[in-house]
file my_file-v7.txt (compact mmCIF, C-alpha atoms)
# COMPACT_ATOMS: atom_id res chain seq x y z
CA ASP A 27 104.49 101.55 92.64
CA ILE A 28 102.07 100.47 95.34
CA GLN A 29 101.11 103.23 97.76
CA MET A 30 100.00 102.56 101.33
CA THR A 31 97.68 105.20 102.79
CA GLN A 32 97.56 104.95 106.56
CA SER A 33 95.02 106.68 108.78
CA PRO A 34 94.74 108.46 111.04
CA SER A 35 98.16 110.11 111.15
CA SER A 36 97.75 110.54 114.89
CA LEU A 37 95.24 109.77 117.60
CA SER A 38 94.79 110.36 121.30
CA ALA A 39 93.54 107.55 123.48
CA SER A 40 93.35 106.48 127.10
CA VAL A 41 94.64 103.40 128.84
CA GLY A 42 92.07 100.66 128.39
CA ASP A 43 90.72 102.01 125.09
CA ARG A 44 90.32 100.02 121.90
CA VAL A 45 92.19 101.59 118.98
CA THR A 46 92.01 100.79 115.27
CA ILE A 47 94.48 101.96 112.62
CA THR A 48 93.74 101.44 108.96
CA CYS A 49 95.91 101.06 105.88
CA ARG A 50 94.65 101.16 102.30
CA ALA A 51 96.71 99.83 99.41
CA SER A 52 96.56 101.42 95.97
CA GLN A 53 95.94 97.98 94.43
CA ASN A 54 95.06 94.45 95.51
CA ILE A 55 97.96 93.05 97.56
CA GLY A 56 96.33 89.95 99.01
CA SER A 57 97.61 89.51 102.56
CA PHE A 58 101.11 90.87 101.96
CA VAL A 59 100.96 93.33 104.86
CA ASN A 60 102.99 93.65 108.04
CA TRP A 61 102.59 95.99 111.00
CA TYR A 62 105.38 97.51 113.12
CA GLN A 63 105.63 99.48 116.35
CA GLN A 64 108.34 102.09 116.85
CA LYS A 65 109.20 103.91 120.07
CA PRO A 66 111.29 107.10 120.13
CA GLY A 67 114.98 106.52 119.49
CA LYS A 68 114.52 102.81 118.78
CA GLY A 69 114.31 100.59 115.73
CA PRO A 70 110.86 99.27 114.80
CA GLN A 71 109.55 95.92 116.02
CA ILE A 72 107.26 93.69 114.02
CA LEU A 73 103.84 93.02 115.54
CA ILE A 74 101.80 91.37 112.79
CA TYR A 75 102.85 89.64 109.57
CA ALA A 76 100.84 88.37 106.63
CA ALA A 77 98.00 90.70 107.63
CA SER A 78 96.78 88.76 110.65
CA SER A 79 99.51 86.53 112.14
CA LEU A 80 100.77 87.63 115.53
CA GLN A 81 104.55 87.66 115.89
CA SER A 82 105.85 85.45 118.69
CA GLY A 83 106.10 87.31 121.98
CA VAL A 84 103.68 90.08 120.99
CA PRO A 85 100.74 90.50 123.38
CA SER A 86 97.42 89.14 122.18
CA ARG A 87 95.75 92.55 122.55
CA PHE A 88 97.30 93.33 119.15
CA SER A 89 95.43 91.95 116.15
CA GLY A 90 95.48 92.46 112.40
CA GLY A 91 92.87 91.99 109.75
CA GLY A 92 91.91 92.60 106.17
CA SER A 93 92.91 91.48 102.71
CA GLY A 94 93.01 92.89 99.22
CA THR A 95 93.27 96.65 99.68
CA ASP A 96 92.01 97.39 103.20
CA PHE A 97 93.83 96.40 106.37
CA THR A 98 93.49 97.13 110.06
CA LEU A 99 95.62 96.99 113.19
CA THR A 100 93.59 96.87 116.40
CA ILE A 101 94.90 97.33 119.90
CA SER A 102 92.38 96.29 122.50
CA ASN A 103 92.77 97.40 126.12
CA LEU A 104 95.51 99.95 125.36
CA GLN A 105 98.41 99.78 127.81
CA PRO A 106 100.91 102.53 128.76
CA GLU A 107 103.70 100.79 126.83
CA ASP A 108 101.59 100.86 123.64
CA PHE A 109 101.94 104.61 123.16
CA ALA A 110 104.17 104.67 120.11
CA THR A 111 104.13 105.07 116.33
CA TYR A 112 102.73 102.28 114.16
CA TYR A 113 103.50 101.55 110.52
CA CYS A 114 101.98 99.25 107.95
CA GLN A 115 104.17 97.77 105.20
CA GLN A 116 103.30 96.05 101.93
CA THR A 117 105.61 93.42 100.47
CA TYR A 118 103.49 92.32 97.50
CA SER A 119 105.58 94.32 95.05
CA SER A 120 108.87 95.66 96.32
CA ARG A 121 108.35 97.11 99.79
CA THR A 122 106.48 100.24 100.89
CA PHE A 123 105.60 101.63 104.30
CA GLY A 124 102.58 103.66 105.27
CA GLN A 125 103.11 107.16 106.64
CA GLY A 126 102.72 106.07 110.27
CA THR A 127 100.20 106.62 113.07
CA ASN A 128 101.30 108.24 116.30
CA VAL A 129 99.28 106.95 119.27
CA GLU A 130 99.39 109.51 122.07
CA ILE A 131 98.09 109.58 125.61
CA LYS A 132 94.83 111.51 126.00
CA GLN B 16 121.49 90.85 116.60
CA LEU B 17 122.43 93.56 114.15
CA ARG B 18 124.73 96.51 114.74
CA GLU B 19 125.17 99.30 112.21
CA SER B 20 128.16 101.61 111.93
CA GLY B 21 129.72 104.05 109.50
CA GLY B 22 127.33 106.96 109.68
CA GLY B 23 128.45 110.56 110.00
CA LEU B 24 128.49 114.02 108.46
CA ILE B 25 129.27 114.16 104.75
CA GLN B 26 129.09 116.89 102.14
CA PRO B 27 126.67 116.66 99.20
CA GLY B 28 128.18 114.62 96.40
CA GLY B 29 130.31 112.61 98.80
CA SER B 30 130.41 108.89 99.57
CA LEU B 31 129.91 106.83 102.68
CA ARG B 32 129.86 103.10 103.39
CA LEU B 33 127.61 101.75 106.10
CA SER B 34 128.25 98.41 107.76
CA CYS B 35 125.89 96.09 109.59
CA ALA B 36 127.48 93.33 111.67
CA ALA B 37 125.23 90.36 112.32
CA SER B 38 125.44 87.82 115.11
CA GLY B 39 123.35 84.76 115.85
CA PHE B 40 122.48 84.00 112.23
CA SER B 41 124.06 84.01 108.79
CA ILE B 42 123.27 87.00 106.59
CA SER B 43 124.14 84.91 103.54
CA ASN B 44 121.22 82.58 104.26
CA ASN B 45 118.73 85.41 104.68
CA TYR B 46 117.26 88.35 102.81
CA MET B 47 118.73 91.54 104.27
CA SER B 48 117.33 95.05 103.91
CA TRP B 49 118.26 98.64 104.57
CA VAL B 50 115.52 101.00 105.74
CA ARG B 51 115.98 104.70 106.48
CA GLN B 52 114.12 107.32 108.46
CA ALA B 53 114.63 111.03 107.90
CA PRO B 54 114.45 113.19 111.04
CA GLY B 55 110.86 113.37 112.25
CA LYS B 56 109.62 111.34 109.29
CA GLY B 57 108.38 107.83 108.59
CA LEU B 58 110.12 104.65 107.47
CA ASP B 59 111.48 104.47 103.93
CA TRP B 60 112.63 101.15 102.46
CA VAL B 61 115.95 101.51 100.61
CA SER B 62 117.33 98.19 99.38
CA VAL B 63 117.29 94.41 99.76
CA LEU B 64 119.89 91.71 99.10
CA TYR B 65 118.49 88.26 98.58
CA SER B 66 120.29 85.16 99.81
CA GLY B 67 120.81 84.17 96.19
CA GLY B 68 122.51 87.48 95.45
CA ARG B 69 119.81 89.49 93.66
CA THR B 70 119.53 93.10 94.69
CA PHE B 71 116.72 95.65 94.53
CA TYR B 72 116.60 99.36 95.28
CA THR B 73 114.04 102.08 95.75
CA ASP B 74 113.96 104.39 92.73
CA SER B 75 115.50 107.38 94.50
CA VAL B 76 118.79 105.56 95.21
CA LYS B 77 119.17 103.45 92.05
CA GLY B 78 122.57 104.00 90.48
CA ARG B 79 123.90 105.72 93.62
CA PHE B 80 123.68 103.08 96.37
CA THR B 81 125.01 99.51 96.31
CA ILE B 82 124.11 96.79 98.78
CA SER B 83 126.55 93.94 99.36
CA ARG B 84 127.70 91.45 101.97
CA GLU B 85 130.88 89.79 103.22
CA GLU B 86 130.28 86.21 104.28
CA SER B 87 133.55 85.81 106.18
CA THR B 88 132.67 88.58 108.62
CA ASN B 89 128.88 88.15 108.43
CA THR B 90 128.55 91.82 107.54
CA LEU B 91 126.11 93.68 105.32
CA PHE B 92 127.16 96.90 103.59
CA LEU B 93 125.53 99.88 101.93
CA GLN B 94 127.83 101.89 99.70
CA MET B 95 126.32 105.33 99.22
CA ASP B 96 127.70 107.55 96.46
CA SER B 97 126.62 110.93 95.10
CA LEU B 98 124.93 111.67 98.39
CA ARG B 99 122.22 114.32 98.48
CA VAL B 100 120.79 116.40 101.29
CA ASP B 101 117.59 114.37 101.16
CA ASP B 102 119.55 111.19 101.96
CA THR B 103 119.92 112.51 105.50
CA ALA B 104 118.39 109.89 107.79
CA VAL B 105 118.93 107.19 110.34
CA TYR B 106 119.78 104.04 108.41
CA TYR B 107 118.66 100.69 109.80
CA CYS B 108 119.63 97.25 108.61
CA ALA B 109 117.08 94.51 109.12
CA ARG B 110 116.59 90.83 108.46
CA GLU B 111 113.69 89.66 106.34
CA ASN B 112 112.06 86.53 107.66
CA THR B 113 110.78 84.79 104.54
CA ALA B 114 109.30 82.00 106.65
CA MET B 115 106.87 84.58 108.02
CA LEU B 116 106.32 86.55 104.81
CA PRO B 117 108.83 87.81 102.23
CA GLY B 118 109.66 91.33 103.30
CA ALA B 119 108.68 90.92 106.94
CA LEU B 120 111.48 92.50 108.96
CA ASP B 121 111.87 90.61 112.21
CA ILE B 122 115.30 91.74 113.44
CA TRP B 123 116.43 95.39 113.32
CA GLY B 124 119.60 97.16 114.29
CA GLN B 125 119.74 100.32 116.40
CA GLY B 126 120.47 102.51 113.37
CA THR B 127 123.28 104.82 112.29
CA MET B 128 122.80 108.50 111.47
CA VAL B 129 123.86 109.90 108.11
CA THR B 130 123.84 113.67 107.73
CA VAL B 131 124.43 115.16 104.29
CA SER B 132 125.15 118.85 104.59
CA SER B 133 127.58 121.48 103.41
call {"tool": "encode", "arguments": {"input": "my_file-v7.txt", "output": "structure tokens"}}
result
Amino acid sequence: DIQMTQSPSSLSASVGDRVTITCRASQNIGSFVNWYQQKPGKGPQILIYAASSLQSGVPSRFSGGGSGTDFTLTISNLQPEDFATYYCQQTYSSRTFGQGTNVEIK
Amino acid sequence: QLRESGGGLIQPGGSLRLSCAASGFSISNNYMSWVRQAPGKGLDWVSVLYSGGRTFYTDSVKGRFTISREESTNTLFLQMDSLRVDDTAVYYCARENTAMLPGALDIWGQGTMVTVSS
């Protein structure tokens, strides 16, 4: 099974900051990575698919990168509505989520 | 949109069937997944039903859970048997958008809570 190791598990940041979350796959998965945002009590929403493609309607301050085993989600100019939990997901072989990163207000 | 129902409190070893009613698209023409989230924990993929009918499950539910659909009502199901305490979670159904990337979940329901406890 492919494991997705996400880091950090949590971070504190301020409005306007640039934040980067990383995900490492246990084997080469090409660009088969998606990123989701989840707010308390709600279902997740997709932000990025195929490692770097921005989902329609998602603000351009969100960006994804990487290929192979190392992937990143970057939020530039962090906004109040961005404080949430973020998950990576691999779909190269079956489907696996990372452990999540909780982005908190500093 | 997707709307789940059928969750509740069930004793270990019991059975429960979750439903997910879809509107605005045909579940038969899409890959449909179930994803769960234990209280305070992360997302855990459970099962997928391809448009062609193939099914796949995470190892921990193989032989206990069955995913299916009913085209006439545009409803996805998850039959859960031999339930265990560690199956306790919010269960979400979600649509996979294969035009984006196989496995990319672009529409999610609000979730239904399943509690397995004696």
call {"tool": "closest_residue", "arguments": {"input": "my_file-v7.txt", "among": "A:Ala76, A:Ile28, A:Cys49, A:Leu37", "to": "Ala110 (chain A)", "atoms": "all atoms listed in the file"}}
result
A:Leu37
call {"tool": "axis_aligned_box", "arguments": {"input": "my_file-v7.txt", "around": "region 69-73 of chain B", "padding_each_side": "6 Å", "output": "AutoDock Vina command-line options"}}
result
--center_x 116.9 --center_y 95.8 --center_z 94.7 --size_x 17.8 --size_y 24.6 --size_z 14.1
call {"tool": "closest_residue", "arguments": {"input": "my_file-v7.txt", "among": "A:Cys114, A:Leu99, A:Ile72, A:Val84", "to": "chain B", "atoms": "only C-alpha atoms"}}
result
A:Ile72
call {"tool": "atom_distance", "arguments": {"input": "my_file-v7.txt", "atom1": "CA of Val59 (chain A)", "atom2": "CA of Arg110 (chain B)"}}
result
16.2 Å
call {"tool": "closest_atom_pairs", "arguments": {"input": "my_file-v7.txt", "of": "chain B", "to": "chain A", "cutoff": "8 Å", "atoms": "only C-alpha atoms", "output": "tab-separated table"}}
result
residue	atom	partner	partner_atom	distance
B:Gly57	CA	A:Gln125	CA	5.7
B:Leu58	CA	A:Phe123	CA	6.3
B:Asp59	CA	A:Phe123	CA	6.5
B:Trp60	CA	A:Thr122	CA	6.4
B:Tyr107	CA	A:Gly69	CA	7.4
B:Met115	CA	A:Tyr75	CA	6.6
B:Leu116	CA	A:Ala76	CA	6.1
B:Pro117	CA	A:Thr117	CA	6.7
B:Gly118	CA	A:Thr117	CA	5.4
B:Ala119	CA	A:Asn60	CA	6.4
B:Leu120	CA	A:Ile72	CA	6.7
B:Asp121	CA	A:Ile72	CA	5.8
B:Ile122	CA	A:Gln71	CA	7.6
B:Trp123	CA	A:Gly69	CA	6.1
B:Gly124	CA	A:Gly69	CA	6.5
B:Gln125	CA	A:Gly69	CA	5.5
B:Gly126	CA	A:Gly69	CA	6.9
call {"tool": "atom_distance", "arguments": {"input": "my_file-v7.txt", "atom1": "CA of Arg87 (chain A)", "atom2": "CA of Gln29 (chain A)"}}
result
27.5 Å
call {"tool": "residues_around", "arguments": {"input": "my_file-v7.txt", "residues": "Ser34 (chain B)", "least_positions_apart": "6", "cutoff": "7 Å", "atoms": "all atoms listed in the file", "output": "PyMOL selection string"}}
result
chain B and resi 19-21+90-93
call {"tool": "closest_residue", "arguments": {"input": "my_file-v7.txt", "among": "A:Leu80, A:Met30, A:Ile55, A:Val129", "to": "Leu104 (chain A)", "atoms": "all atoms listed in the file"}}
result
A:Val129
call {"tool": "residues_around", "arguments": {"input": "my_file-v7.txt", "residues": "Thr103 (chain B)", "least_positions_apart": "4", "cutoff": "10 Å", "atoms": "all atoms listed in the file", "output": "list of chain:residue names"}}
result
B:Gly23, B:Leu24, B:Ile25, B:Arg51, B:Gln52, B:Ala53, B:Pro54, B:Leu98, B:Arg99, B:Met128, B:Val129, B:Thr130, B:Val131, B:Ser132
call {"tool": "atom_distance", "arguments": {"input": "my_file-v7.txt", "atom1": "CA of Glu130 (chain A)", "atom2": "CA of Ser33 (chain A)"}}
result
14.3 Å
call {"tool": "residues_around", "arguments": {"input": "my_file-v7.txt", "residues": "Thr95 (chain A)", "least_positions_apart": "2", "cutoff": "9 Å", "atoms": "all atoms listed in the file", "output": "ChimeraX atom specification"}}
result
/A:49-57,92-93,97
call {"tool": "decode", "arguments": {"input": "my_file-v7.txt", "residues": "chain A", "atoms": "C-alpha atoms", "output": "PDB file, in the first residue's frame"}}
result
ATOM      1  CA  ASP A  27       0.000   0.000   0.000  1.00  0.00           C
ATOM      2  CA  ILE A  28       1.150   3.536  -0.724  1.00  0.00           C
ATOM      3  CA  GLN A  29       1.582   5.694   2.366  1.00  0.00           C
ATOM      4  CA  MET A  30       1.280   9.481   2.318  1.00  0.00           C
ATOM      5  CA  THR A  31       3.287  11.265   5.005  1.00  0.00           C
ATOM      6  CA  GLN A  32       2.051  14.804   5.471  1.00  0.00           C
ATOM      7  CA  SER A  33       3.878  17.515   7.397  1.00  0.00           C
ATOM      8  CA  PRO A  34       3.599  19.427   9.556  1.00  0.00           C
ATOM      9  CA  SER A  35       0.620  18.016  11.448  1.00  0.00           C
ATOM     10  CA  SER A  36      -0.242  21.528  12.563  1.00  0.00           C
ATOM     11  CA  LEU A  37       1.033  25.055  12.138  1.00  0.00           C
ATOM     12  CA  SER A  38       0.250  28.528  13.388  1.00  0.00           C
ATOM     13  CA  ALA A  39       0.248  31.418  10.969  1.00  0.00           C
ATOM     14  CA  SER A  40      -0.983  34.966  10.607  1.00  0.00           C
ATOM     15  CA  VAL A  41      -3.216  36.558   8.023  1.00  0.00           C
ATOM     16  CA  GLY A  42      -1.058  37.502   5.060  1.00  0.00           C
ATOM     17  CA  ASP A  43       1.530  34.771   5.643  1.00  0.00           C
ATOM     18  CA  ARG A  44       2.730  32.295   3.051  1.00  0.00           C
ATOM     19  CA  VAL A  45       2.239  28.693   4.166  1.00  0.00           C
ATOM     20  CA  THR A  46       3.583  25.473   2.658  1.00  0.00           C
ATOM     21  CA  ILE A  47       2.381  21.957   3.480  1.00  0.00           C
ATOM     22  CA  THR A  48       4.265  18.943   2.214  1.00  0.00           C
ATOM     23  CA  CYS A  49       3.278  15.379   1.414  1.00  0.00           C
ATOM     24  CA  ARG A  50       5.704  12.547   0.723  1.00  0.00           C
ATOM     25  CA  ALA A  51       4.609   9.337  -0.969  1.00  0.00           C
ATOM     26  CA  SER A  52       6.171   5.990  -0.088  1.00  0.00           C
ATOM     27  CA  GLN A  53       6.804   5.335  -3.800  1.00  0.00           C
ATOM     28  CA  ASN A  54       6.746   7.182  -7.110  1.00  0.00           C
ATOM     29  CA  ILE A  55       3.152   8.206  -7.867  1.00  0.00           C
ATOM     30  CA  GLY A  56       3.722  10.608 -10.741  1.00  0.00           C
ATOM     31  CA  SER A  57       1.240  13.463 -10.395  1.00  0.00           C
ATOM     32  CA  PHE A  58      -1.605  11.424  -8.914  1.00  0.00           C
ATOM     33  CA  VAL A  59      -2.136  13.763  -5.967  1.00  0.00           C
ATOM     34  CA  ASN A  60      -5.080  15.880  -4.883  1.00  0.00           C
ATOM     35  CA  TRP A  61      -5.407  18.390  -2.056  1.00  0.00           C
ATOM     36  CA  TYR A  62      -8.518  19.088   0.050  1.00  0.00           C
ATOM     37  CA  GLN A  63      -9.601  21.652   2.612  1.00  0.00           C
ATOM     38  CA  GLN A  64     -11.924  20.725   5.466  1.00  0.00           C
ATOM     39  CA  LYS A  65     -13.583  23.089   7.931  1.00  0.00           C
ATOM     40  CA  PRO A  66     -15.098  21.889  11.224  1.00  0.00           C
ATOM     41  CA  GLY A  67     -18.378  20.035  10.811  1.00  0.00           C
ATOM     42  CA  LYS A  68     -18.220  20.114   7.016  1.00  0.00           C
ATOM     43  CA  GLY A  69     -17.273  17.733   4.243  1.00  0.00           C
ATOM     44  CA  PRO A  70     -13.940  18.347   2.507  1.00  0.00           C
ATOM     45  CA  GLN A  71     -13.615  20.458  -0.635  1.00  0.00           C
ATOM     46  CA  ILE A  72     -11.108  19.797  -3.377  1.00  0.00           C
ATOM     47  CA  LEU A  73      -8.564  22.548  -3.999  1.00  0.00           C
ATOM     48  CA  ILE A  74      -5.947  21.031  -6.294  1.00  0.00           C
ATOM     49  CA  TYR A  75      -6.040  17.957  -8.530  1.00  0.00           C
ATOM     50  CA  ALA A  76      -3.329  16.182 -10.492  1.00  0.00           C
ATOM     51  CA  ALA A  77      -0.720  17.790  -8.228  1.00  0.00           C
ATOM     52  CA  SER A  78      -0.916  21.306  -9.637  1.00  0.00           C
ATOM     53  CA  SER A  79      -4.275  22.004 -11.327  1.00  0.00           C
ATOM     54  CA  LEU A  80      -6.473  24.488  -9.509  1.00  0.00           C
ATOM     55  CA  GLN A  81     -10.099  23.424  -9.119  1.00  0.00           C
ATOM     56  CA  SER A  82     -12.584  25.853 -10.649  1.00  0.00           C
ATOM     57  CA  GLY A  83     -13.697  28.497  -8.180  1.00  0.00           C
ATOM     58  CA  VAL A  84     -10.727  28.055  -5.841  1.00  0.00           C
ATOM     59  CA  PRO A  85      -8.769  31.266  -5.187  1.00  0.00           C
ATOM     60  CA  SER A  86      -5.469  31.589  -7.003  1.00  0.00           C
ATOM     61  CA  ARG A  87      -3.574  32.027  -3.715  1.00  0.00           C
ATOM     62  CA  PHE A  88      -3.717  28.221  -3.498  1.00  0.00           C
ATOM     63  CA  SER A  89      -1.126  26.362  -5.566  1.00  0.00           C
ATOM     64  CA  GLY A  90       0.198  22.830  -5.776  1.00  0.00           C
ATOM     65  CA  GLY A  91       3.473  21.421  -6.944  1.00  0.00           C
ATOM     66  CA  GLY A  92       5.698  18.402  -7.108  1.00  0.00           C
ATOM     67  CA  SER A  93       5.814  15.031  -8.793  1.00  0.00           C
ATOM     68  CA  GLY A  94       7.135  11.577  -8.083  1.00  0.00           C
ATOM     69  CA  THR A  95       7.262  11.327  -4.290  1.00  0.00           C
ATOM     70  CA  ASP A  96       7.311  14.911  -2.992  1.00  0.00           C
ATOM     71  CA  PHE A  97       4.385  17.302  -3.206  1.00  0.00           C
ATOM     72  CA  THR A  98       3.508  20.703  -1.813  1.00  0.00           C
ATOM     73  CA  LEU A  99       0.433  22.813  -1.189  1.00  0.00           C
ATOM     74  CA  THR A 100       1.182  26.519  -0.841  1.00  0.00           C
ATOM     75  CA  ILE A 101      -1.189  29.187   0.380  1.00  0.00           C
ATOM     76  CA  SER A 102       0.097  32.656  -0.323  1.00  0.00           C
ATOM     77  CA  ASN A 103      -1.373  35.665   1.481  1.00  0.00           C
ATOM     78  CA  LEU A 104      -3.291  33.565   4.038  1.00  0.00           C
ATOM     79  CA  GLN A 105      -6.853  34.778   4.561  1.00  0.00           C
ATOM     80  CA  PRO A 106      -9.121  34.314   7.629  1.00  0.00           C
ATOM     81  CA  GLU A 107     -11.275  31.788   5.762  1.00  0.00           C
ATOM     82  CA  ASP A 108      -8.196  29.621   5.062  1.00  0.00           C
ATOM     83  CA  PHE A 109      -7.831  28.481   8.663  1.00  0.00           C
ATOM     84  CA  ALA A 110      -8.835  24.854   8.309  1.00  0.00           C
ATOM     85  CA  THR A 111      -7.420  21.337   7.971  1.00  0.00           C
ATOM     86  CA  TYR A 112      -5.758  20.289   4.719  1.00  0.00           C
ATOM     87  CA  TYR A 113      -5.306  16.773   3.358  1.00  0.00           C
ATOM     88  CA  CYS A 114      -3.323  15.323   0.499  1.00  0.00           C
ATOM     89  CA  GLN A 115      -4.608  12.218  -1.308  1.00  0.00           C
ATOM     90  CA  GLN A 116      -2.905   9.797  -3.692  1.00  0.00           C
ATOM     91  CA  THR A 117      -4.905   8.013  -6.365  1.00  0.00           C
ATOM     92  CA  TYR A 118      -2.058   6.231  -8.173  1.00  0.00           C
ATOM     93  CA  SER A 119      -2.863   2.917  -6.530  1.00  0.00           C
ATOM     94  CA  SER A 120      -6.169   2.667  -4.731  1.00  0.00           C
ATOM     95  CA  ARG A 121      -6.696   5.824  -2.682  1.00  0.00           C
ATOM     96  CA  THR A 122      -4.903   7.042   0.454  1.00  0.00           C
ATOM     97  CA  PHE A 123      -5.083  10.284   2.405  1.00  0.00           C
ATOM     98  CA  GLY A 124      -2.332  11.980   4.340  1.00  0.00           C
ATOM     99  CA  GLN A 125      -2.814  12.509   8.073  1.00  0.00           C
ATOM    100  CA  GLY A 126      -3.862  16.150   7.674  1.00  0.00           C
ATOM    101  CA  THR A 127      -2.422  19.558   8.558  1.00  0.00           C
ATOM    102  CA  ASN A 128      -4.346  21.869  10.853  1.00  0.00           C
ATOM    103  CA  VAL A 129      -3.689  25.530  10.001  1.00  0.00           C
ATOM    104  CA  GLU A 130      -4.400  27.673  13.060  1.00  0.00           C
ATOM    105  CA  ILE A 131      -4.418  31.386  13.705  1.00  0.00           C
ATOM    106  CA  LYS A 132      -1.268  32.650  15.421  1.00  0.00           C
TER     107      LYS A 132
END
